[in-house]
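This is upload34.txt (compact mmCIF, C-alpha atoms).
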```txt
# COMPACT_ATOMS: atom_id res chain seq x y z
CA MET H 56 0.00 0.00 0.00
CA ASN H 57 1.47 3.41 -0.93
CA VAL H 58 1.91 6.33 1.45
CA THR H 59 -1.02 8.32 -0.01
CA TRP H 60 -3.54 5.51 0.78
CA LYS H 61 -2.11 5.09 4.26
CA ARG H 62 -2.72 8.80 4.93
CA ARG H 63 -6.30 8.65 3.58
CA LEU H 64 -7.18 5.62 5.74
CA SER H 65 -5.70 7.31 8.80
CA THR H 66 -7.76 10.44 8.13
CA ILE H 67 -11.00 8.40 7.71
CA ALA H 68 -10.35 6.47 10.94
CA LEU H 69 -9.60 9.65 12.86
CA GLY H 70 -12.79 11.32 11.54
CA ALA H 71 -14.86 8.33 12.63
CA LEU H 72 -13.24 8.44 16.06
CA MET H 73 -14.15 12.11 16.54
CA MET H 74 -17.64 12.10 14.93
CA GLY H 75 -18.99 8.66 15.79
CA ALA H 76 -22.83 8.52 15.48
CA VAL H 77 -23.65 4.79 15.73
CA PRO H 78 -26.95 2.87 16.30
CA THR H 79 -28.11 2.03 19.82
CA PHE H 80 -28.26 -1.45 21.38
CA GLY H 81 -30.10 -3.21 24.17
CA HIS H 82 -33.03 -5.43 25.16
CA GLN H 83 -36.30 -4.71 26.90
CA THR H 84 -36.60 -5.69 30.54
CA ALA H 85 -39.39 -7.95 31.72
CA PHE H 86 -41.88 -5.13 32.24
CA ALA H 87 -40.19 -2.17 30.58
CA ASP H 88 -42.50 -1.60 27.63
CA GLY H 89 -44.80 -4.58 27.96
CA ALA H 90 -46.26 -3.95 31.42
CA GLN H 91 -49.63 -2.81 30.12
CA GLN H 92 -49.90 -5.81 27.79
CA LEU H 93 -49.48 -8.27 30.65
CA GLN H 94 -52.48 -9.07 32.81
CA ILE H 95 -53.00 -10.79 36.15
CA LYS H 96 -54.27 -14.33 35.59
CA ASP H 97 -54.83 -15.37 39.20
CA ILE H 98 -54.34 -14.04 42.74
CA ALA H 99 -53.29 -16.03 45.80
CA GLY H 100 -52.85 -13.12 48.22
CA LYS H 101 -51.13 -9.80 48.76
CA ASN H 102 -48.67 -9.11 45.90
CA THR H 103 -48.87 -12.80 44.93
CA TYR H 104 -49.99 -12.85 41.32
CA LEU H 105 -49.80 -15.29 38.44
CA MET H 106 -49.34 -13.27 35.25
CA SER H 107 -50.72 -13.99 31.80
CA ASP H 108 -47.27 -14.83 30.41
CA GLY H 109 -46.61 -17.49 33.08
CA SER H 110 -44.39 -15.30 35.29
CA MET H 111 -45.13 -14.63 38.96
CA TRP H 112 -45.00 -11.86 41.50
CA SER H 113 -44.59 -13.19 45.04
CA MET H 114 -43.31 -12.31 48.50
CA VAL H 115 -40.15 -13.40 50.28
CA ASP H 116 -40.22 -13.35 54.09
CA GLY H 117 -43.71 -11.88 53.81
CA ASN H 118 -42.15 -8.48 53.18
CA ARG H 119 -40.04 -8.23 50.02
CA THR H 120 -41.81 -8.45 46.66
CA ILE H 121 -39.99 -10.32 43.89
CA TYR H 122 -40.62 -11.20 40.26
CA THR H 123 -39.90 -14.61 38.71
CA LYS H 124 -40.04 -15.42 35.02
CA GLY H 125 -41.55 -18.76 34.08
CA SER H 126 -44.33 -20.67 32.34
CA VAL H 127 -46.72 -21.26 35.24
CA GLU H 128 -50.27 -22.17 34.22
CA GLU H 129 -52.02 -22.66 37.57
CA ILE H 130 -51.39 -21.77 41.23
CA SER H 131 -52.86 -22.65 44.61
CA GLY H 132 -51.62 -21.16 47.85
CA ASN H 133 -51.16 -17.87 49.66
CA THR H 134 -48.69 -15.06 50.23
CA TYR H 135 -46.31 -17.29 52.16
CA GLU H 136 -46.43 -20.66 50.42
CA GLY H 137 -48.05 -22.53 47.57
CA LEU H 138 -47.84 -24.83 44.59
CA GLY H 139 -48.22 -24.32 40.88
CA ILE H 140 -48.12 -26.19 37.59
CA THR H 141 -46.14 -25.23 34.52
CA ARG H 142 -47.63 -25.46 31.04
CA ASP H 143 -45.84 -28.77 30.53
CA GLY H 144 -47.10 -30.29 33.79
CA ARG H 145 -44.12 -29.74 36.10
CA LEU H 146 -44.50 -28.81 39.76
CA VAL H 147 -43.73 -25.28 40.98
CA GLU H 148 -43.28 -24.43 44.65
CA TRP H 149 -42.73 -21.31 46.75
CA ASP H 150 -42.58 -20.64 50.48
CA ILE H 151 -41.78 -17.89 52.96
CA GLY H 152 -38.04 -17.92 52.22
CA MET H 153 -37.95 -19.20 48.65
CA LYS H 154 -39.08 -17.77 45.33
CA PRO H 155 -41.24 -19.81 42.92
CA HIS H 156 -39.16 -22.55 41.32
CA VAL H 157 -39.63 -25.78 39.40
CA VAL H 158 -39.22 -28.86 41.62
CA GLU H 159 -36.92 -31.34 39.93
CA GLY H 160 -38.35 -34.80 39.32
CA LYS H 161 -41.98 -33.75 39.86
CA SER H 162 -43.93 -33.84 36.58
CA GLY H 163 -47.17 -35.18 35.16
CA ILE H 164 -49.17 -32.89 37.45
CA LYS H 165 -52.89 -32.48 36.68
CA GLN H 166 -54.05 -30.22 39.54
CA VAL H 167 -52.81 -28.57 42.73
CA SER H 168 -54.89 -27.54 45.75
CA GLY H 169 -53.31 -26.33 48.98
CA PRO H 170 -50.35 -28.61 49.78
CA TYR H 171 -51.71 -31.46 47.64
CA ARG H 172 -51.10 -32.34 44.01
CA LEU H 173 -53.07 -34.66 41.76
CA GLN H 174 -51.03 -36.68 39.27
CA ALA H 175 -52.25 -37.60 35.81
CA ASP H 176 -52.30 -41.26 36.93
CA GLY H 177 -55.02 -40.50 39.52
CA THR H 178 -52.77 -40.60 42.60
CA VAL H 179 -52.56 -37.78 45.15
CA TRP H 180 -49.37 -36.60 46.83
CA ASP H 181 -48.44 -34.37 49.75
CA GLY H 182 -44.81 -33.43 49.21
CA ASP H 183 -42.88 -36.68 48.73
CA SER H 184 -45.62 -38.76 50.32
CA LYS H 185 -48.28 -40.53 48.30
CA LEU H 186 -51.68 -40.52 50.02
CA LYS H 187 -52.74 -44.05 50.90
CA ASN H 188 -56.15 -45.51 50.08
CA LEU H 189 -56.70 -43.07 47.22
CA SER H 190 -56.65 -44.01 43.54
CA GLY H 191 -58.51 -43.18 40.36
CA ILE H 192 -58.92 -39.57 41.51
CA THR H 193 -60.08 -37.01 38.96
CA LEU H 194 -60.45 -33.85 41.11
CA ILE H 195 -59.20 -32.61 44.50
CA GLY H 196 -60.00 -29.71 46.80
CA TYR H 197 -58.50 -28.21 49.96
CA GLY H 198 -59.58 -25.47 52.38
CA GLU H 199 -59.47 -24.70 56.10
CA GLN H 200 -57.35 -27.81 56.79
CA ASP H 201 -59.89 -30.09 55.07
CA PHE H 202 -59.34 -32.21 51.97
CA ALA H 203 -61.78 -33.87 49.55
CA ALA H 204 -61.42 -35.91 46.38
CA LEU H 205 -63.67 -37.10 43.57
CA THR H 206 -63.03 -40.45 41.92
CA GLN H 207 -63.57 -41.29 38.27
CA SER H 208 -66.49 -43.53 39.32
CA GLY H 209 -68.17 -40.58 41.09
CA GLU H 210 -67.36 -41.30 44.74
CA LEU H 211 -67.00 -38.06 46.70
CA LEU H 212 -64.51 -38.65 49.52
CA PHE H 213 -63.76 -36.45 52.54
CA LYS H 214 -60.60 -36.90 54.60
CA ASP H 215 -61.35 -38.12 58.13
CA PRO H 216 -59.79 -35.56 60.51
CA TYR H 217 -59.52 -38.14 63.28
CA LYS H 218 -58.20 -41.18 61.42
CA THR H 219 -54.95 -41.30 59.46
CA ASP H 220 -55.26 -42.27 55.79
CA GLN H 221 -59.03 -42.75 56.10
CA TYR H 222 -61.74 -41.12 53.96
CA LYS H 223 -65.47 -40.84 54.43
CA LYS H 224 -67.69 -41.41 51.44
CA VAL H 225 -69.86 -38.30 51.28
CA GLY H 226 -71.96 -39.46 48.36
CA THR H 227 -71.97 -40.69 44.79
CA VAL H 228 -71.92 -38.09 42.03
CA ASN H 229 -73.66 -38.84 38.76
CA ASN H 230 -71.63 -37.98 35.66
CA ALA H 231 -68.46 -37.13 37.59
CA ALA H 232 -66.74 -36.06 34.36
CA SER H 233 -69.04 -33.02 34.19
CA VAL H 234 -67.75 -31.63 37.51
CA LYS H 235 -65.35 -28.82 36.53
CA SER H 236 -64.18 -27.60 39.94
CA MET H 237 -64.46 -28.16 43.68
CA ALA H 238 -64.37 -25.81 46.68
CA VAL H 239 -63.69 -27.21 50.17
CA HIS H 240 -64.09 -25.39 53.47
CA ASP H 241 -64.45 -26.63 57.03
CA ASP H 242 -66.85 -29.60 56.82
CA ARG H 243 -68.34 -28.92 53.40
CA VAL H 244 -67.64 -29.56 49.73
CA ALA H 245 -69.13 -27.56 46.85
CA LEU H 246 -69.11 -28.99 43.32
CA LEU H 247 -69.45 -26.86 40.18
CA TYR H 248 -70.72 -28.62 37.07
CA THR H 249 -69.97 -27.54 33.51
CA GLY H 250 -73.64 -26.70 33.01
CA GLY H 251 -73.59 -24.20 35.90
CA GLU H 252 -75.10 -26.27 38.70
CA VAL H 253 -73.58 -25.85 42.17
CA VAL H 254 -74.20 -28.65 44.69
CA VAL H 255 -73.03 -28.49 48.31
CA TYR H 256 -72.38 -31.47 50.61
CA GLN H 257 -72.07 -30.58 54.31
CA MET H 258 -71.04 -33.31 56.75
CA SER H 259 -73.48 -32.08 59.42
CA ASN H 260 -76.43 -32.03 57.00
CA PHE H 261 -77.63 -35.65 56.87
CA ASP H 262 -80.91 -37.58 56.83
CA ASP H 263 -82.27 -40.15 59.29
CA ASN H 264 -80.07 -42.81 57.72
CA GLY H 265 -76.92 -40.77 58.21
CA ARG H 266 -76.52 -39.96 54.51
CA VAL H 267 -75.30 -36.47 53.64
CA ILE H 268 -77.97 -34.51 51.78
CA PRO H 269 -76.74 -32.74 48.63
CA VAL H 270 -78.20 -29.23 48.26
CA THR H 271 -78.32 -27.31 44.98
CA ILE H 272 -77.28 -23.69 45.50
CA ALA H 273 -77.36 -22.40 41.92
CA THR H 274 -77.89 -23.53 38.34
CA ASP H 275 -76.16 -20.71 36.44
CA ALA H 276 -72.68 -20.49 37.98
CA ILE H 277 -69.29 -20.23 36.28
CA HIS H 278 -67.03 -20.04 39.36
CA ILE H 279 -67.15 -20.81 43.10
CA SER H 280 -64.93 -20.16 46.11
CA TYR H 281 -65.30 -20.47 49.89
CA VAL H 282 -64.23 -17.98 52.55
CA SER H 283 -64.55 -17.73 56.32
CA ALA H 284 -67.10 -15.28 57.72
CA GLU H 285 -69.07 -14.63 60.92
CA PRO H 286 -71.39 -16.12 61.94
CA THR H 287 -71.61 -18.43 58.90
CA ASP H 288 -68.93 -19.22 56.34
CA VAL H 289 -69.72 -18.01 52.84
CA LEU H 290 -69.77 -19.61 49.40
CA ILE H 291 -69.01 -17.00 46.74
CA VAL H 292 -70.73 -17.76 43.43
CA THR H 293 -70.01 -15.99 40.15
CA ARG H 294 -73.01 -16.31 37.84
CA LYS H 295 -73.20 -16.47 34.06
CA ASP H 296 -74.55 -12.89 33.92
CA GLY H 297 -71.28 -11.64 35.50
CA THR H 298 -72.74 -10.87 38.93
CA VAL H 299 -71.28 -12.16 42.21
CA TRP H 300 -73.41 -13.55 45.03
CA GLN H 301 -72.90 -14.87 48.58
CA THR H 302 -74.75 -17.45 50.61
CA GLY H 303 -76.53 -16.23 53.74
CA GLU H 304 -76.40 -16.91 57.46
CA TYR H 305 -77.73 -19.88 59.40
CA SER H 306 -80.76 -21.33 57.57
CA ASN H 307 -79.93 -19.22 54.50
CA ARG H 308 -76.56 -20.91 54.09
CA TRP H 309 -78.13 -22.86 51.20
CA LYS H 310 -79.32 -19.73 49.40
CA LEU H 311 -77.66 -16.94 47.41
CA THR H 312 -79.03 -14.07 49.47
CA THR H 313 -76.59 -11.23 48.91
CA GLN H 314 -75.30 -9.73 45.66
CA VAL H 315 -71.87 -8.09 45.96
CA GLN H 316 -72.50 -4.54 44.84
CA GLY H 317 -70.16 -2.93 42.34
CA LEU H 318 -69.05 -6.22 40.79
CA SER H 319 -70.21 -6.81 37.22
CA ASN H 320 -68.89 -8.62 34.16
CA VAL H 321 -66.99 -10.95 36.50
CA VAL H 322 -65.64 -14.35 35.40
CA LYS H 323 -63.93 -15.52 38.60
CA THR H 324 -63.16 -14.49 42.18
CA ALA H 325 -60.35 -15.06 44.65
CA VAL H 326 -59.69 -14.34 48.31
CA ASP H 327 -56.53 -13.94 50.36
CA ALA H 328 -55.99 -17.63 51.07
CA TYR H 329 -53.67 -16.98 54.03
CA LYS H 330 -56.06 -14.72 55.93
CA ASP H 331 -59.18 -16.54 54.65
CA ASP H 332 -61.55 -13.85 55.88
CA LEU H 333 -64.42 -12.23 54.01
CA ALA H 334 -63.59 -8.97 55.81
CA GLU H 335 -60.32 -8.87 53.83
CA GLY H 336 -62.29 -8.39 50.62
CA ILE H 337 -63.03 -10.28 47.43
CA TYR H 338 -60.79 -10.13 44.36
CA ALA H 339 -62.71 -10.34 41.09
CA GLN H 340 -61.52 -10.73 37.50
CA ARG H 341 -63.63 -9.11 34.81
CA THR H 342 -64.25 -10.29 31.25
CA ASP H 343 -61.57 -7.91 29.92
CA GLY H 344 -58.95 -9.56 32.15
CA THR H 345 -58.64 -6.72 34.66
CA TRP H 346 -58.96 -7.28 38.42
CA VAL H 347 -60.65 -5.32 41.19
CA ILE H 348 -61.06 -5.84 44.93
CA SER H 349 -64.36 -5.32 46.72
CA LYS H 350 -63.88 -4.42 50.39
CA ASP H 351 -66.07 -2.55 52.87
CA GLY H 352 -68.53 -1.65 50.13
CA GLU H 353 -65.88 -0.07 47.89
CA VAL H 354 -64.44 -1.43 44.66
CA GLN H 355 -60.83 -0.58 43.81
CA PRO H 356 -58.71 -1.66 40.82
CA VAL H 357 -55.85 -4.12 41.28
CA GLU H 358 -53.12 -2.67 39.13
CA VAL H 359 -50.65 -4.67 37.05
CA PRO H 360 -47.21 -3.95 38.59
CA ALA H 361 -45.39 -1.41 36.41
CA VAL H 362 -42.09 0.47 36.54
CA LYS H 363 -42.42 3.89 38.17
CA ALA H 364 -38.70 4.73 38.45
CA VAL H 365 -35.36 3.47 37.18
CA SER H 366 -31.86 4.26 38.41
CA MET H 367 -28.43 3.55 36.92
CA SER H 368 -24.93 3.83 38.34
CA VAL H 369 -21.47 2.94 37.03
CA SER H 370 -18.42 1.80 38.95
CA ASP H 371 -16.18 4.40 37.25
CA LYS H 372 -17.32 7.52 35.41
CA LYS H 373 -13.77 8.30 34.24
CA PRO H 374 -12.14 5.05 33.15
CA TYR H 375 -9.03 4.66 31.03
CA VAL H 376 -8.97 2.83 27.71
CA GLY H 377 -8.88 -0.90 28.46
CA ASP H 378 -10.65 -0.61 31.84
CA THR H 379 -13.95 -2.41 32.53
CA VAL H 380 -16.96 -0.61 33.98
CA GLN H 381 -19.69 -2.25 36.08
CA VAL H 382 -23.21 -0.96 35.36
CA ASP H 383 -25.93 -1.36 38.01
CA ILE H 384 -29.55 -0.84 36.98
CA GLN H 385 -32.51 -0.97 39.36
CA GLU H 386 -36.23 -0.68 38.59
CA THR H 387 -38.75 0.42 41.23
CA TYR H 388 -42.29 -0.86 40.67
CA THR H 389 -45.70 0.40 41.70
CA ASN H 390 -46.07 -2.57 44.08
CA GLY H 391 -42.94 -1.51 45.99
CA ALA H 392 -40.61 -4.05 44.40
CA LYS H 393 -37.04 -3.02 43.65
CA LEU H 394 -35.53 -5.26 40.98
CA LYS H 395 -32.00 -5.31 39.62
CA VAL H 396 -31.79 -5.60 35.82
CA PRO H 397 -28.84 -7.30 34.10
CA LEU H 398 -27.22 -5.09 31.49
CA LYS H 399 -27.95 -7.59 28.72
CA GLU H 400 -31.68 -7.36 29.47
CA ALA H 401 -31.84 -3.57 29.76
CA GLN H 402 -32.92 -1.14 27.09
CA LEU H 403 -29.67 0.83 27.01
CA GLU H 404 -28.62 3.56 24.60
CA MET H 405 -25.23 5.27 24.11
CA ASP H 406 -24.69 8.27 21.89
CA LYS H 407 -21.14 7.00 21.20
CA PRO H 408 -21.30 3.22 21.66
CA TYR H 409 -17.92 2.64 20.04
CA LEU H 410 -16.34 4.04 23.23
CA LEU H 411 -17.78 1.30 25.50
CA LYS H 412 -18.20 -2.31 24.39
CA VAL H 413 -20.46 -4.83 26.12
CA GLN H 414 -18.53 -7.85 27.41
CA PRO H 415 -19.79 -11.43 27.91
CA ASP H 416 -19.73 -10.93 31.69
CA GLY H 417 -22.20 -8.03 31.42
CA LYS H 418 -19.65 -5.26 31.98
CA LEU H 419 -18.56 -2.48 29.62
CA LYS H 420 -14.99 -2.18 28.36
CA ALA H 421 -13.55 1.21 27.52
CA ALA H 422 -12.44 0.93 23.89
CA GLY H 423 -11.88 4.51 22.77
CA VAL H 424 -11.17 8.00 24.00
CA GLY H 425 -14.06 10.41 24.46
CA GLU H 426 -17.27 11.14 26.34
CA THR H 427 -20.54 9.21 25.98
CA LYS H 428 -23.96 9.42 27.58
CA LEU H 429 -25.59 6.18 28.75
CA THR H 430 -29.39 6.15 29.02
CA VAL H 431 -31.48 3.25 30.31
CA THR H 432 -35.23 3.25 29.67
CA SER H 433 -37.97 1.22 31.35
CA GLY H 434 -41.51 1.90 30.23
CA SER H 435 -41.95 5.67 30.33
CA VAL H 436 -39.07 6.45 32.71
CA SER H 437 -35.34 6.70 32.12
CA SER H 438 -32.03 7.45 33.80
CA SER H 439 -28.72 8.71 32.37
CA VAL H 440 -25.03 8.68 33.28
CA THR H 441 -22.11 10.31 31.45
CA VAL H 442 -18.83 8.38 31.15
CA THR H 443 -15.56 10.00 30.02
CA VAL H 444 -12.82 7.69 28.73
CA SER H 445 -9.21 8.84 28.50
CA LEU H 446 -5.81 7.40 27.77
CA ARG H 447 -3.64 6.32 30.68
CA ASP H 448 -0.64 7.70 28.71
CA PRO H 449 -1.92 10.67 26.65
CA LEU H 450 -0.88 11.04 23.02
CA LYS H 451 1.87 13.56 22.45
CA TYR H 452 0.51 16.96 21.33
CA ALA H 453 -3.11 15.66 21.75
CA LYS H 454 -5.78 17.81 23.40
CA GLN H 455 -9.11 16.63 24.84
CA VAL H 456 -12.00 19.12 24.80
CA LYS H 457 -15.47 18.12 26.11
CA GLY H 458 -14.78 14.45 25.64
CA THR H 459 -13.29 14.77 22.13
CA VAL H 460 -9.59 14.20 21.41
CA TYR H 461 -8.00 16.58 18.93
CA LEU H 462 -4.68 15.84 17.22
CA PRO H 463 -2.45 18.42 15.44
CA ALA H 464 -2.77 17.24 11.82
CA LYS H 465 0.46 18.98 10.66
CA THR H 466 2.61 17.38 13.35
CA LEU H 467 0.94 13.97 12.93
CA PHE H 468 1.16 13.71 9.14
```

Starting from the file, lay out its structure as structure tokens.
Amino acid sequence: MNVTWKRRLSTIALGALMMGAVPTFGHQTAFADGAQQLQIKDIAGKNTYLMSDGSMWSMVDGNRTIYTKGSVEEISGNTYEGLGITRDGRLVEWDIGMKPHVVEGKSGIKQVSGPYRLQADGTVWDGDSKLKNLSGITLIGYGEQDFAALTQSGELLFKDPYKTDQYKKVGTVNNAASVKSMAVHDDRVALLYTGGEVVVYQMSNFDDNGRVIPVTIATDAIHISYVSAEPTDVLIVTRKDGTVWQTGEYSNRWKLTTQVQGLSNVVKTAVDAYKDDLAEGIYAQRTDGTWVISKDGEVQPVEVPAVKAVSMSVSDKKPYVGDTVQVDIQETYTNGAKLKVPLKEAQLEMDKPYLLKVQPDGKLKAAGVGETKLTVTSGSVSSSVTVTVSLRDPLKYAKQVKGTVYLPAKTLF
């Protein structure tokens, strides 16, 4: 290569070094721009939500709110502990000191309820223990320390609280395959059929022959749930017209006597499973996927957690060429959560990205001399930091002005 071409290439490279407008880079965080697209799929308690994309919000130590990515399809539990099922049938577990996680070796799960899980083979398990004297089970239910199961042949079984591994036959259900869900509470079991019929079996409600009398509560229901209340526990029934009703007290415990005002277009309800108290309010999901809570006669929205602030800091604002810079990004959410975001998952922009290069370990390496502005964006909020890179041994005759290095062309060439 002749001297003239060498000079031209040097001039081009130097111009690029001083001008340097290059495209941005980065990735969206979990909720940065997509928070409003995500919806709450189910609620187990305070800040304990299953999201529509299979991720979860939950609590650690009953105080700190965390977010866990995943593919969870179903949950059963409360703020402090619970079980879930992934879309491919694996078991998910969380407790007071542990975030939701897939339990290795536990798959083929059909349903979870409280601490129990129903396997696809019809067996029921509590942790690592298989429940004895139970087989061919098609549906389970748990509430207020009581457990019930429905067999494929239609036998409705209730766990005997006084005898280990023993179950009382509550009754025989015709067309057991048409039972879509079960709610259990204290000494009663409520069955919801696909056609909308709700039938309640209460252990203390029996005839002269000692047989439990099934009582039909409704014929147009789409969802049921039990909750403790004084003086009589309540069955919450969501009807096909989108209204929500409660059973009454004493002799009216078999009737839907009270409509929950302010709740309309509802498809399902939930209560805080840990507190299990009607006074804590009723969560309700509407047909558009949004959630509200009805408490003390008032209805308030349950918001999807979203980023309300983001902060960014760097380990060194004035590194030398060749140094690495640690970037720390934290998002603060509307539910009080403070989450750290890895650099590779952040939506990061640099006005001069050729000065700092992203490394495999998630740090930035100073690759050129100059000043660049880093901006991280999450949703509608952002944060910026300015980093100035210089040479450890400055070039002879060079001058740096506002982050740009100038070389005397006559002396250089």

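What separates CA of Asn229 in chain H from CA of Ile279 in chain H is a distance of 19.7 Å.
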
Find the spatial neighbours of Ala175 in chain H, counting only C-alpha atoms, within a cut-off of 10 Å - ignore same-chain residues fewer than 5 positions away - and output them as a compact mmCIF listing (two decimals) with C-alpha atoms, keeping the file's coordinate frame.
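Below is the file that was written, part-v9.txt:
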```txt
# COMPACT_ATOMS: atom_id res chain seq x y z
CA GLY H 144 -47.10 -30.29 33.79
CA SER H 162 -43.93 -33.84 36.58
CA GLY H 163 -47.17 -35.18 35.16
CA ILE H 164 -49.17 -32.89 37.45
CA LYS H 165 -52.89 -32.48 36.68
CA GLN H 166 -54.05 -30.22 39.54
CA GLY H 191 -58.51 -43.18 40.36
CA ILE H 192 -58.92 -39.57 41.51
CA THR H 193 -60.08 -37.01 38.96
```

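The spacing separating CA of Leu246 in chain H from CA of Gly344 in chain H amounts to 24.6 Å.
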
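Across the structure, CA of Leu419 in chain H and CA of Gln381 in chain H are spaced 6.6 Å apart.
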
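Neighbours of Thr134 in chain H closer than or equal to 9 Å, with all atoms listed in the file counted and sequence neighbours fewer than 2 positions away skipped, come out as Ala99, Gly100, Lys101, Asn102, Thr103, Ser113, Met114, Val115, Gly117, Gly132, Glu136, Gly137, Asp150, Ile151, Asp327, Ala328 and Tyr329 of chain H.
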
Task: Test item: residues at most 6 Å from range 443-445 of chain H, all atoms listed in the file, excluding those fewer than 3 positions along its chain, as a list of chain:residue names - done: H:Lys373, H:Pro374, H:Tyr375, H:Val424, H:Gly425, H:Glu426

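Using only C-alpha atoms for every distance, the candidate list H:Leu189, H:Val380, H:Met367, H:Leu462 yields H:Met367 as the residue closest to Leu429 in chain H.
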
- [ ] Identify which of the residues H:Glu148, H:Asp416, H:Glu335, H:Asp181 lies closest to Asp351 in chain H, counting all atoms listed in the file when measuring atom-to-atom distances.
- [x] H:Glu335

TODO: For Val440 in chain H, please output as a PyMOL selection string all residues within 9 Å (counting all atoms listed in the file; exclusion window: fewer than 6 positions along the same chain).
DONE: chain H and resi 367-369+372+427-431

Task: Using all atoms listed in the file: which of H:Ile337, H:Val225, H:Ala232, H:Ala276 has the shortest distance to Gln207 in chain H - done: H:Ala232

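Shortest atom-to-atom contact with Val253 in chain H among H:Asp215, H:Asp275, H:Asp108, H:Glu199: H:Asp275, counting all atoms listed in the file.
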
Open item on the list: Restricting the calculation to all atoms listed in the file: of H:Ser366, H:Ser437, H:Ala392, H:Asp378, which residue gets closest to Lys420 in chain H?
Closed with: H:Asp378

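Closest approach to Val442 in chain H from the set H:Glu252, H:Asp331, H:Glu400, H:Asp406 is made by H:Asp406, with distances taken over all atoms listed in the file.
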
Give me the residues within 6 Å of Tyr281 in chain H as an mmCIF file with C-alpha atoms, in the frame of the given file, counting all atoms listed in the file and dropping any in the same chain fewer than 4 places off.
```cif
data_model
loop_
_atom_site.group_PDB
_atom_site.id
_atom_site.type_symbol
_atom_site.label_atom_id
_atom_site.label_comp_id
_atom_site.auth_asym_id
_atom_site.auth_seq_id
_atom_site.Cartn_x
_atom_site.Cartn_y
_atom_site.Cartn_z
ATOM 1 C CA VAL H 289 -69.720 -18.010 52.840
ATOM 2 C CA LEU H 290 -69.770 -19.610 49.400
ATOM 3 C CA ILE H 291 -69.010 -17.000 46.740
#
```

Residue rebuild result range 246-260 of chain H, N, CA and C atoms as a short mmCIF file (atom, residue, chain, number, x, y, z; two decimals), in the coordinates of the input:
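Result file follows (rebuild.cif):
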```cif
data_model
loop_
_atom_site.label_atom_id
_atom_site.label_comp_id
_atom_site.auth_asym_id
_atom_site.auth_seq_id
_atom_site.Cartn_x
_atom_site.Cartn_y
_atom_site.Cartn_z
N LEU H 246 -69.47 -28.55 44.66
CA LEU H 246 -69.11 -28.99 43.32
C LEU H 246 -69.74 -28.07 42.29
N LEU H 247 -68.95 -27.67 41.29
CA LEU H 247 -69.45 -26.86 40.18
C LEU H 247 -69.43 -27.71 38.91
N TYR H 248 -70.59 -27.85 38.30
CA TYR H 248 -70.72 -28.62 37.07
C TYR H 248 -70.56 -27.71 35.85
N THR H 249 -70.18 -28.31 34.73
CA THR H 249 -69.97 -27.54 33.51
C THR H 249 -71.24 -26.81 33.06
N GLY H 250 -72.39 -27.35 33.40
CA GLY H 250 -73.64 -26.70 33.01
C GLY H 250 -74.02 -25.53 33.89
N GLY H 251 -73.32 -25.33 35.01
CA GLY H 251 -73.59 -24.20 35.90
C GLY H 251 -74.21 -24.57 37.22
N GLU H 252 -74.50 -25.85 37.44
CA GLU H 252 -75.10 -26.27 38.70
C GLU H 252 -74.06 -26.31 39.81
N VAL H 253 -74.44 -25.82 40.99
CA VAL H 253 -73.58 -25.85 42.17
C VAL H 253 -74.29 -26.68 43.24
N VAL H 254 -73.63 -27.75 43.69
CA VAL H 254 -74.20 -28.65 44.69
C VAL H 254 -73.26 -28.70 45.89
N VAL H 255 -73.82 -28.52 47.09
CA VAL H 255 -73.03 -28.49 48.31
C VAL H 255 -73.35 -29.72 49.16
N TYR H 256 -72.28 -30.36 49.67
CA TYR H 256 -72.38 -31.47 50.61
C TYR H 256 -71.77 -31.00 51.92
N GLN H 257 -72.57 -30.96 53.00
CA GLN H 257 -72.07 -30.58 54.31
C GLN H 257 -72.19 -31.77 55.25
N MET H 258 -71.08 -32.10 55.93
CA MET H 258 -71.04 -33.31 56.75
C MET H 258 -72.12 -33.32 57.83
N SER H 259 -72.49 -32.15 58.35
CA SER H 259 -73.48 -32.08 59.42
C SER H 259 -74.91 -32.04 58.91
N ASN H 260 -75.09 -32.07 57.58
CA ASN H 260 -76.43 -32.03 57.00
C ASN H 260 -76.77 -33.42 56.45
#
```
